[in-house]
Structures are given as structure tokens and as C-alpha cells.
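Notes for the one structure printed next.
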Amino acid sequence: LNTNIPAGGTLTINSGGTLSLSGNRSTGVPITNNGTIDLTGGKLTMGANLLSLGCTGTFSGANTNGYVIGTVLKTFCATGPFSFAIGTANGFSAVDVIVTTLTTNPSTLTMFATGTVRAGLFPAASLQRFWTITETGDLTADLTFHYNDIDVAGPEGTYKLFRAVGPTFTPVTFVLNTGANTISTTGVTTFSDWAVGNTTPTAGTATVSGRVVAVKNAGVPGAAVVLTDSISGSKFTATSNDAGGFTVNDVPVGRSYIVSGTAKGFIINSQDIK
């Protein structure tokens, strides 16, 4: 696609076909995709138009300079993974979906991102981005939300994941990876706004550092280290370096944590810290 699409009609990409962008493009029509939209070359701005992906519709080549700005609907006809290559004018913020149960076949998820803090969160300690997801049919999914460094306000390690309906924020169990800029949850059956941050000002934070060692104090590289809040279940993750060292930033103080880890060929003992 080497030009913008003027208003009028509908653009349909048939199964097996590919639409490739040769730069940032906008469309004046809805798009139905049963093939592939290659986003390697730029952003596709939908405006008020809906981008509908059928059972076989997919994206390829999505990146920080190539994604969809607007609303994407995906039809699911089977369980499995799909990445919503969405974002806003100020950043790429994909949502990875793994459909684990498809009670109604087909079912759909419709999704868009908003590049501001969700109303009702404390702005100075919350992500400056949220996502809106709606469902038709009935499915269960695991969700991973991607965000950018520029979206972070306040201590990132204090962030929580909420499902928001109007002024009501319901906290959900999550895994926060501050290194990868992701926050994820599993077993989702109810969809609405999804927001990240805090509803009230946060307490102080600290940096937790340590070293994963084997016999004779040899460092264990590449160990997946997890700090789990012993009350809320919130998790903070890190990976040990070549010397076995790890650092987890922005860990809320005044709580107790269980430190655990996994590494191929090793059994790592858990420890409690306060």
C-alpha cells in the first residue's frame, strides 16, 4: 500500500492475500482482513473505521514503528495465540492474547489503546496508557499488555493491574515484568477497560539485589528470579546475569516477599524477605 485509502466502500483482503505498507498510511474505509497485513513498513491509522480480522486474518512485522492506530476486531474460531498489534500516536502497545477456552465458536474480541492514564487512577503513580476490550460470544483468555518507558509515571514496581468499569476498579492477579515492560494475567472471562497503576498515592519503594549461587559460591547465570508478595500475590521478576547477580527495582516496602527461582539443571531454594 503506497497511498492513503480514500473514503467510500470497504477494503477486503482475501484469505491468502497480503496487504503491505510502504510507509505510514491512513484509511477512509473499514478494512476486513482474512489474509495478512504486513506492518513492517509503517503505521496504519484507522481513524473512526474498524479493522476486522476474520478467523484466518493476522498481522506480520509489527514493531515500534509499524502497528495499527485505532480499533481492531479479531474473530476467534479456535483456541491459541494472537497478538493485537495496536497502539496510539505516542507509542506501540500490543496486547498478546492466548485463547484457552472457546465456549462459543466463533467469538470475538475488539480492542483499542488510549495514550492517557485511566480516569480514577492516581496519575503520578500510574501508567499513562490503558486498553479497552469488548467481547462477543464466550471465551477465556490469558492477556499480556505491552507498554513503553515513556508511559511510566512514579515507581513502576508498585503497579497493579485493574479491570475497570466506570469508576469501579477491580484488582486482578498479575505478573509484572518491569524489564520487559509487560504486565500479564490469566483466565480472563470478563472484558472491559484494563488499567495499570495505583488508585491511591504509593508508599516508598526499594531495590532488591542478590545473587543466585551453586556449590563453591559459583554464580548461576540466566536464573528466572521471582519476588512474590506473600499477601497480595503480586510478582516481580528478574533474570540473573553471568555472575548470578540480579536486581529488582521499585519493590514496595513494608511487605514480606518470597524469593524463588528456576534454572535449568538446578534446584533453587526459596527464601522469605521483609
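Residues in the C-alpha cells are numbered from 1 in each chain, the chains being A, B, ... in the order shown, and ligands are numbered from 1 in the order shown.
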
Every residue of region 143-180 of chain A that DSSP places in strand (DSSP E), as an MDAnalysis selection string:
chainID A and resid 143:146 160:165 168:171 175:177

Give me the residues near region 119-131 of chain A as an MDAnalysis selection string, where near means some atom within 7 Å (using only C-alpha atoms) and where sequence neighbours in that chain fewer than 3 positions away do not count.
chainID A and resid 112:116 151:155 159 167 193:202

I'd like the contact shell of region 6-19 of chain A - 9 Å cut-off, only C-alpha atoms, skipping same-chain residues fewer than 2 positions apart - returned as a PyMOL selection string.
chain A and resi 1+4+21+26-39+56-57

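Distance-wise, CA of Lys235 (chain A) and CA of Leu143 (chain A) end up 15.6 Å apart.
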
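CA of Asp272 (chain A) to CA of Asp142 (chain A) spans 28.7 Å [interatomic distance, one decimal].
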
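Those residues that approach Gly187 (chain A) to within 10 Å, counting only C-alpha atoms, are Ile98, Val99, Thr100, Thr101, Leu139, Thr140, Ala141, Asp142, Leu143 and Thr173 of chain A; same-chain residues fewer than 6 positions away are not listed.
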
With N, CA, C and O atoms retained, write the just-selected residues as a JSON list (two decimals), in the first residue's frame.
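Now in again18.json:
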[["chain", "number", "residue", "atom", "x", "y", "z"],
["A", 98, "ILE", "N", -3.88, -15.23, 24.46],
["A", 98, "ILE", "CA", -3.92, -16.68, 24.25],
["A", 98, "ILE", "C", -5.31, -17.15, 24.64],
["A", 98, "ILE", "O", -5.68, -17.09, 25.83],
["A", 99, "VAL", "N", -6.11, -17.54, 23.67],
["A", 99, "VAL", "CA", -7.44, -18.06, 23.95],
["A", 99, "VAL", "C", -7.29, -19.50, 24.43],
["A", 99, "VAL", "O", -6.79, -20.37, 23.69],
["A", 100, "THR", "N", -7.68, -19.76, 25.67],
["A", 100, "THR", "CA", -7.51, -21.09, 26.25],
["A", 100, "THR", "C", -8.79, -21.91, 26.19],
["A", 100, "THR", "O", -8.74, -23.14, 26.18],
["A", 101, "THR", "N", -9.94, -21.23, 26.17],
["A", 101, "THR", "CA", -11.22, -21.92, 26.06],
["A", 101, "THR", "C", -12.12, -21.12, 25.13],
["A", 101, "THR", "O", -12.27, -19.91, 25.30],
["A", 139, "LEU", "N", -15.45, -16.62, 25.58],
["A", 139, "LEU", "CA", -14.13, -17.24, 25.55],
["A", 139, "LEU", "C", -13.39, -16.92, 26.84],
["A", 139, "LEU", "O", -13.76, -16.02, 27.59],
["A", 140, "THR", "N", -12.33, -17.66, 27.08],
["A", 140, "THR", "CA", -11.41, -17.43, 28.20],
["A", 140, "THR", "C", -10.03, -17.20, 27.62],
["A", 140, "THR", "O", -9.61, -17.92, 26.70],
["A", 141, "ALA", "N", -9.31, -16.21, 28.16],
["A", 141, "ALA", "CA", -8.02, -15.86, 27.56],
["A", 141, "ALA", "C", -7.01, -15.43, 28.61],
["A", 141, "ALA", "O", -7.37, -14.93, 29.68],
["A", 142, "ASP", "N", -5.74, -15.62, 28.29],
["A", 142, "ASP", "CA", -4.63, -15.03, 29.02],
["A", 142, "ASP", "C", -4.22, -13.76, 28.27],
["A", 142, "ASP", "O", -4.18, -13.76, 27.04],
["A", 143, "LEU", "N", -3.90, -12.70, 29.01],
["A", 143, "LEU", "CA", -3.58, -11.41, 28.40],
["A", 143, "LEU", "C", -2.22, -10.92, 28.85],
["A", 143, "LEU", "O", -1.90, -11.00, 30.05],
["A", 173, "THR", "N", -5.12, -10.74, 39.75],
["A", 173, "THR", "CA", -3.80, -11.34, 39.93],
["A", 173, "THR", "C", -2.97, -11.11, 38.66],
["A", 173, "THR", "O", -3.47, -11.28, 37.55]]

If you measure from CA of Thr190 (chain A) to CA of Glu135 (chain A), what distance in Å do you get, rounded to one decimal?
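We find that CA of Thr190 (chain A) and CA of Glu135 (chain A) lie 8.1 Å from each other.
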
Residue among A:Ala263, A:Leu102, A:Ala164, A:Ala224 lying closest to Thr189 (chain A), counting only C-alpha atoms:
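Among the listed residues, the smallest separation from Thr189 (chain A) belongs to A:Leu102.
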
Exercise: Val248 (chain A) partners within 7 Å, only C-alpha atoms, chain neighbours under 2 positions left out, as a ChimeraX atom specification:
/A:207-209,237-238,246,250-251

Selection near Ala243 (chain A), 7 Å with only C-alpha atoms, sequence-local residues under 6 positions removed, as a PyMOL selection string
chain A and resi 219-221

Pick from A:Tyr67, A:Phe169, A:Phe92, A:Phe162, whichever lies nearest to Asp149 (chain A) using only C-alpha atoms
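So, comparing all the options, the nearest one is A:Phe92.
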